[in-house]
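Visitor: My questions will all concern the structure given below.
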Amino acid sequence: MATTRVTLEHSPESLPDAQGHFGPYGGVYVPETLMTALEELEEAYEAARRDEAFQNEFAHYLREFAGRPTELYFAERLTEHCGGAKIYFKREDLLHTGAHKINNALGQALLARRMGKRRVIAETGAGQHGVATAAVCARFGLECTIYMGAVDMERQALNVFRMRLMGAEVRGVEAGQKTLKEAINEAMRDWVTNVRTTHYILGTVYGAHPYPMMVRDFHRVIGREARAQILEREGRLPDELVACVGGGSNAMGLFFEFLPDADVAMWGVEAGGRGIAPGEHAARFEGGRLGVLQGCKTYLLQNEDGQIELTHSVSAGLDYAAVGPEHTYYRDLGRIQFTYATDDEVLEAFQLCSRLEGIIPALESTHAIVHGIKRARALGRDGIVLVNLSGRGDKDVQQVARLLGEKA
Amino acid sequence: MDRISAAFAKARSENRACFVAYLCAGDPDFETSVACCRELVEAGTDILELGVPFSDPVADGLTNQLAAQRALESGMTLEKVYELAREVRGFTDIPIIFYTYYNLVYASGLSRNLAKVREAGVDGLLTLDLPPEEAGEMLEASRAEGLKNIFIVAPTTTERRLSKIAEVASGFVYYVSREGVTGERDSVASGLKEAMARIRKAIDLPTVVGFGISRREHVRQVAAVADGVVVGSALVNCIRDHLGDREAILRALRAKADDLVAGLRATEP
């Protein structure tokens with residue numbers, strides 16, 4: 001598990017290229033019906049990112065509506081418990097609506113408003129992106145429809161109610177495995193049908209260009225803050241960063257500012273589920289291979305023919321067959337390393353973190369804690385590990401209670 | 001002359017549009033699917049589009065999603081789709097087009113798959129989620145096998161995109177007459193004549209029109225302005241409505257196809 005120093009040939013800022021490629025990954029693989037909308041979106045986003053007024057407006061709402069900046073918190077008792085490196089949490093769980101997802105939802109809602117689109121759709125897995133989108137739509141008076149797999153609606157019932165409270169329509173998706181992948185399919189179908197009036201707020205660094213780039217940019221604030229905060233607290237950069245990776249938005253948001261810092265190692269933690277066997281996990285870099293799904297080329301869990309495989313994770317937000325193309329690119333280069341945490345490890349760390357720190361982490365983020373603990377032990381007392389605590393676990397307590405009850 | 005050009009030439013010589021029929025390969029099972037294709041050919045189908053069932057068909061409406069699901073559940077694999085095409089090729093000379101998603105062509109080896117597609121007697125592919133921008137590898141590999149690449153034109157397609165499509169398309173182009181996913185509609189889109197004029201100005205290939213054509217009256221309207229009329233969901237529904245009864249499926253499908261094909265000739269004065 002030793003880390004190696006990697007110097008990048010291309011500046012992270014220069015990627016993706018104009019066609020949305022990160023090396024061989026990414027791109028635009030969508031039906032022709034969406035191509036014009038994606039071109040318009042790219043144009044609008046390029047204009048917005050260069051527009052100081054837009055950036056100021058985004059920063060304003062991040063501060064006043066979302067609650068930025070978030071704290072960098074020293075997890076003292078967890079550190080003592082592990083007896084190794086100092087463990088810091090980037091507290092994205094303290095944001096309004098409970099997770100980092102609000103950064104991107106805000107950015108894209110402002111963009112939709114700027115583009116004159118009055119209707120917004122989104123997919124959601126754990127419900128955190130759906131709740132964030134519902135909140136910003138309520139705030140800006142946009143019509144909002146959220147697609148969510150029927151299985152996820154059941155395991156995240158509280159978030160369904162939250163979205164409805166804020167005026168969103170939540171449409172259950174009954175197709176296939178009834179989780180995040182099917183919700184994205186359905187949102188894409190809606191967008192294909194209503195493309196002239198509707199903006200699709202995709203919730204992760206995934207899909208067709210410009211989404212992976214745009215969503216990354218809206219989350220870059222995580223790493224920007226964290227970098228300044230750790231320098232202020234410790235006078236140096238951390239040895240390692242750890243974040244969970246479903247599509248990979250919180251991870252890319254944290255990692256991006258550190259990519260040129262060759263001495264800072266980075267770990268993406270995928271969902272190991274019940275173990276690495278087909279249908280039992282969502283660790284794309286363990287059991288996956290190259291393919292094209294839902295707009296981009298990247299690593300997928302798929303069978304021999306290219307049919308997408310079933311996935312499993314205790315956390316709905318990581319229960320997805322594909323991973324963001326920028327992650328795949330940096331994995332090839334060895335700049336980001338990937339590993340996984342199993343459901344059992346996650347349930348244990350969920351309780352440990354709650355008990356020692358008084359912080360109930362989201363099951364997604366707990367995957368990062370599991371590996372953060374391992375790295376802290378490996379690095380020893382001089383080290384610093386920075387874990388992205390991407391969301392809070394309030395949404396998960398019922399499910400965990402049920403799972404622990406079953407085990408008892 | 002290749003089979004696709006021949007099909008359009010034949011229809012033109014008969015002063016009518018082509019009838020393009022879509023079914024999902026292996027829906028509801030291999031044997032029935034082959035028999036369905038035979039009915040469509042006998043009813044006068046000019047071009048057969050075979051859907052390659054995919055687990056995540058983002059461009060398809062519920063009717064075709066369920067058809068793909070039935071096919072996959074009946075045990076369809078890529079090998080069996082190729083085998084099915086070979087069987088159909090055994091009794092007809094009309095063009096066969098695969099209607100597919102890029103991962104099914106790409107993930108298990110582009111060249112290897114396209115060689116098998118060609119060997120199965122298939123003439124071309126319409127890859128729904130492969131726009132011209134990403135089609136480089138596919139075009140090269142298709143040319144090596146002598147396969148055509150059919151591209152979609154949408155109501156939202158700009159002039160600039162039309163010329164991009166013109167550069168890469170071969171065989172024919174497929175105009176989706178309205179935004180949205182596949183499925184039956186009550187009426188076909190308005191403004192079709194203008195759209196066809198716009199496409200013909202940019203692209204020198206026959207243009208077929210699809211998405212939502214389900215009645216003889218629709219066929220009549222579209223055949224008056226297009227080189228071909230695509231019917232999919234209306235045929236797939238004949239399967240869905242009679243699941244478990246092969247004879248009933250074949251009867252319903254034949255009756256529907258006969259009715260729709262009759263609409264082709266109704267354009268003459």
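Residue numbering restarts at 1 for every chain of the structure tokens, chains are lettered A, B, ... in their displayed order, and ligands are numbered from 1 as they appear.
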Extract, using only C-alpha atoms, all DNA, RNA and protein residues at most 7 Å from range 130-136 of chain B, discarding same-chain residues fewer than 3 positions from it, and format them as a ChimeraX atom specification.
Guide: /A:28-32 /B:102,127,139-140,164-165,168
Visitor: Specify as number ranges by chain all residues of chain A found within 6 Å of chain B, counting only C-alpha atoms.
Guide: A: 29-31, 33, 185, 192-193, 291-292, 305-307
Visitor: Could you pull the residues within 7 Å of range 336-343 of chain A, counting only C-alpha atoms, minus those fewer than 6 positions along the same chain, as a PyMOL selection string?
Guide: chain A and resi 266-275+283+313-314+330+367+370
Visitor: Those residues you just picked out, can you put them in a file as an mmCIF file, in the first residue's frame with all heavy atoms?
Guide:
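And here's result28.cif as it stands now:
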data_model
loop_
_atom_site.group_PDB
_atom_site.id
_atom_site.type_symbol
_atom_site.label_atom_id
_atom_site.label_comp_id
_atom_site.auth_asym_id
_atom_site.auth_seq_id
_atom_site.Cartn_x
_atom_site.Cartn_y
_atom_site.Cartn_z
ATOM 1 N N MET A 266 -3.454 10.426 -2.797
ATOM 2 C CA MET A 266 -4.917 10.492 -2.830
ATOM 3 C C MET A 266 -5.511 9.100 -2.953
ATOM 4 O O MET A 266 -5.051 8.297 -3.771
ATOM 5 C CB MET A 266 -5.360 11.315 -4.038
ATOM 6 C CG MET A 266 -4.820 12.723 -3.998
ATOM 7 S SD MET A 266 -5.281 13.595 -5.484
ATOM 8 C CE MET A 266 -4.478 15.157 -5.116
ATOM 9 N N TRP A 267 -6.543 8.884 -2.180
ATOM 10 C CA TRP A 267 -7.237 7.591 -2.200
ATOM 11 C C TRP A 267 -8.724 7.789 -2.497
ATOM 12 O O TRP A 267 -9.405 8.521 -1.789
ATOM 13 C CB TRP A 267 -7.126 6.909 -0.837
ATOM 14 C CG TRP A 267 -5.758 6.450 -0.487
ATOM 15 C CD1 TRP A 267 -4.830 7.115 0.251
ATOM 16 C CD2 TRP A 267 -5.161 5.194 -0.847
ATOM 17 N NE1 TRP A 267 -3.684 6.367 0.376
ATOM 18 C CE2 TRP A 267 -3.859 5.179 -0.282
ATOM 19 C CE3 TRP A 267 -5.596 4.091 -1.584
ATOM 20 C CZ2 TRP A 267 -2.996 4.088 -0.448
ATOM 21 C CZ3 TRP A 267 -4.732 3.019 -1.734
ATOM 22 C CH2 TRP A 267 -3.445 3.030 -1.166
ATOM 23 N N GLY A 268 -9.175 7.092 -3.513
ATOM 24 C CA GLY A 268 -10.610 7.007 -3.762
ATOM 25 C C GLY A 268 -11.101 5.673 -3.210
ATOM 26 O O GLY A 268 -10.469 4.646 -3.444
ATOM 27 N N VAL A 269 -12.181 5.693 -2.450
ATOM 28 C CA VAL A 269 -12.673 4.462 -1.828
ATOM 29 C C VAL A 269 -14.032 4.089 -2.439
ATOM 30 O O VAL A 269 -15.000 4.837 -2.332
ATOM 31 C CB VAL A 269 -12.806 4.624 -0.303
ATOM 32 C CG1 VAL A 269 -13.144 3.279 0.338
ATOM 33 C CG2 VAL A 269 -11.523 5.191 0.303
ATOM 34 N N GLU A 270 -14.057 2.950 -3.087
ATOM 35 C CA GLU A 270 -15.288 2.479 -3.718
ATOM 36 C C GLU A 270 -16.055 1.560 -2.762
ATOM 37 O O GLU A 270 -15.549 1.165 -1.713
ATOM 38 C CB GLU A 270 -14.959 1.721 -5.004
ATOM 39 C CG GLU A 270 -14.248 2.571 -6.040
ATOM 40 C CD GLU A 270 -14.048 1.806 -7.336
ATOM 41 O OE1 GLU A 270 -13.133 0.955 -7.415
ATOM 42 O OE2 GLU A 270 -14.823 2.046 -8.274
ATOM 43 N N ALA A 271 -17.272 1.213 -3.202
ATOM 44 C CA ALA A 271 -18.122 0.370 -2.365
ATOM 45 C C ALA A 271 -17.810 -1.106 -2.611
ATOM 46 O O ALA A 271 -18.070 -1.635 -3.689
ATOM 47 C CB ALA A 271 -19.587 0.643 -2.664
ATOM 48 N N GLY A 272 -17.259 -1.760 -1.583
ATOM 49 C CA GLY A 272 -16.932 -3.176 -1.707
ATOM 50 C C GLY A 272 -18.116 -4.092 -1.428
ATOM 51 O O GLY A 272 -18.042 -5.303 -1.647
ATOM 52 N N GLY A 273 -19.209 -3.504 -0.944
ATOM 53 C CA GLY A 273 -20.437 -4.267 -0.720
ATOM 54 C C GLY A 273 -20.209 -5.506 0.119
ATOM 55 O O GLY A 273 -19.563 -5.472 1.159
ATOM 56 N N ARG A 274 -20.716 -6.635 -0.374
ATOM 57 C CA ARG A 274 -20.573 -7.904 0.360
ATOM 58 C C ARG A 274 -19.319 -8.653 -0.059
ATOM 59 O O ARG A 274 -19.073 -9.775 0.365
ATOM 60 C CB ARG A 274 -21.803 -8.771 0.118
ATOM 61 C CG ARG A 274 -23.064 -8.235 0.799
ATOM 62 C CD ARG A 274 -24.266 -9.146 0.601
ATOM 63 N NE ARG A 274 -24.780 -9.040 -0.741
ATOM 64 C CZ ARG A 274 -25.950 -8.463 -1.062
ATOM 65 N NH1 ARG A 274 -26.714 -7.938 -0.108
ATOM 66 N NH2 ARG A 274 -26.360 -8.418 -2.302
ATOM 67 N N GLY A 275 -18.515 -8.003 -0.941
ATOM 68 C CA GLY A 275 -17.288 -8.646 -1.413
ATOM 69 C C GLY A 275 -17.206 -8.541 -2.927
ATOM 70 O O GLY A 275 -18.218 -8.317 -3.598
ATOM 71 N N ALA A 283 -17.420 -1.681 -6.886
ATOM 72 C CA ALA A 283 -16.026 -1.249 -7.013
ATOM 73 C C ALA A 283 -15.600 -1.447 -8.457
ATOM 74 O O ALA A 283 -15.132 -2.515 -8.838
ATOM 75 C CB ALA A 283 -15.130 -2.033 -6.050
ATOM 76 N N SER A 313 -24.448 -2.023 -2.683
ATOM 77 C CA SER A 313 -23.725 -1.373 -1.595
ATOM 78 C C SER A 313 -24.729 -1.038 -0.509
ATOM 79 O O SER A 313 -25.892 -0.773 -0.789
ATOM 80 C CB SER A 313 -23.047 -0.094 -2.061
ATOM 81 O OG SER A 313 -22.578 0.629 -0.933
ATOM 82 N N VAL A 314 -24.244 -1.033 0.728
ATOM 83 C CA VAL A 314 -25.088 -0.613 1.833
ATOM 84 C C VAL A 314 -25.469 0.863 1.656
ATOM 85 O O VAL A 314 -26.485 1.309 2.165
ATOM 86 C CB VAL A 314 -24.349 -0.866 3.173
ATOM 87 C CG1 VAL A 314 -23.161 0.076 3.335
ATOM 88 C CG2 VAL A 314 -25.292 -0.750 4.365
ATOM 89 N N TYR A 330 -6.915 9.710 -13.863
ATOM 90 C CA TYR A 330 -5.868 9.870 -12.854
ATOM 91 C C TYR A 330 -5.474 8.536 -12.206
ATOM 92 O O TYR A 330 -4.388 8.396 -11.658
ATOM 93 C CB TYR A 330 -6.270 10.910 -11.804
ATOM 94 C CG TYR A 330 -6.175 12.314 -12.365
ATOM 95 C CD1 TYR A 330 -7.319 13.089 -12.553
ATOM 96 C CD2 TYR A 330 -4.941 12.835 -12.753
ATOM 97 C CE1 TYR A 330 -7.228 14.360 -13.103
ATOM 98 C CE2 TYR A 330 -4.845 14.102 -13.303
ATOM 99 C CZ TYR A 330 -5.989 14.870 -13.477
ATOM 100 O OH TYR A 330 -5.891 16.114 -14.029
ATOM 101 N N HIS A 367 -17.241 5.079 4.078
ATOM 102 C CA HIS A 367 -16.271 4.314 3.289
ATOM 103 C C HIS A 367 -14.900 4.999 3.349
ATOM 104 O O HIS A 367 -13.866 4.330 3.425
ATOM 105 C CB HIS A 367 -16.722 4.186 1.831
ATOM 106 C CG HIS A 367 -17.826 3.198 1.624
ATOM 107 N ND1 HIS A 367 -19.122 3.413 2.055
ATOM 108 C CD2 HIS A 367 -17.825 1.970 1.030
ATOM 109 C CE1 HIS A 367 -19.863 2.360 1.730
ATOM 110 N NE2 HIS A 367 -19.107 1.477 1.112
ATOM 111 N N VAL A 370 -13.295 4.465 6.831
ATOM 112 C CA VAL A 370 -12.698 3.124 6.957
ATOM 113 C C VAL A 370 -11.268 3.144 6.448
ATOM 114 O O VAL A 370 -10.333 2.690 7.127
ATOM 115 C CB VAL A 370 -13.515 2.072 6.156
ATOM 116 C CG1 VAL A 370 -12.743 0.758 6.039
ATOM 117 C CG2 VAL A 370 -14.873 1.848 6.800
#
Visitor: Excluding same-chain residues fewer than 4 positions from Glu225 in chain A, what lies within 9 Å of it counting only C-alpha atoms, as a ChimeraX atom specification?
Guide: /A:69-72,220-221,229-230,254
Visitor: Using only C-alpha atoms, which of the listed residues (A:Arg196, A:Arg155, A:His209, A:His312) sits closest to Ala401 in chain A?
Guide: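 Between A:Arg196, A:Arg155, A:His209, A:His312, the residue approaching Ala401 in chain A most closely is A:Arg155.
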Visitor: Taking only C-alpha atoms into account, name the residue in A:Gly176, A:Gly83, A:Gly391, A:Pro16 that is nearest to Ile369 in chain A.
Guide: A:Gly391
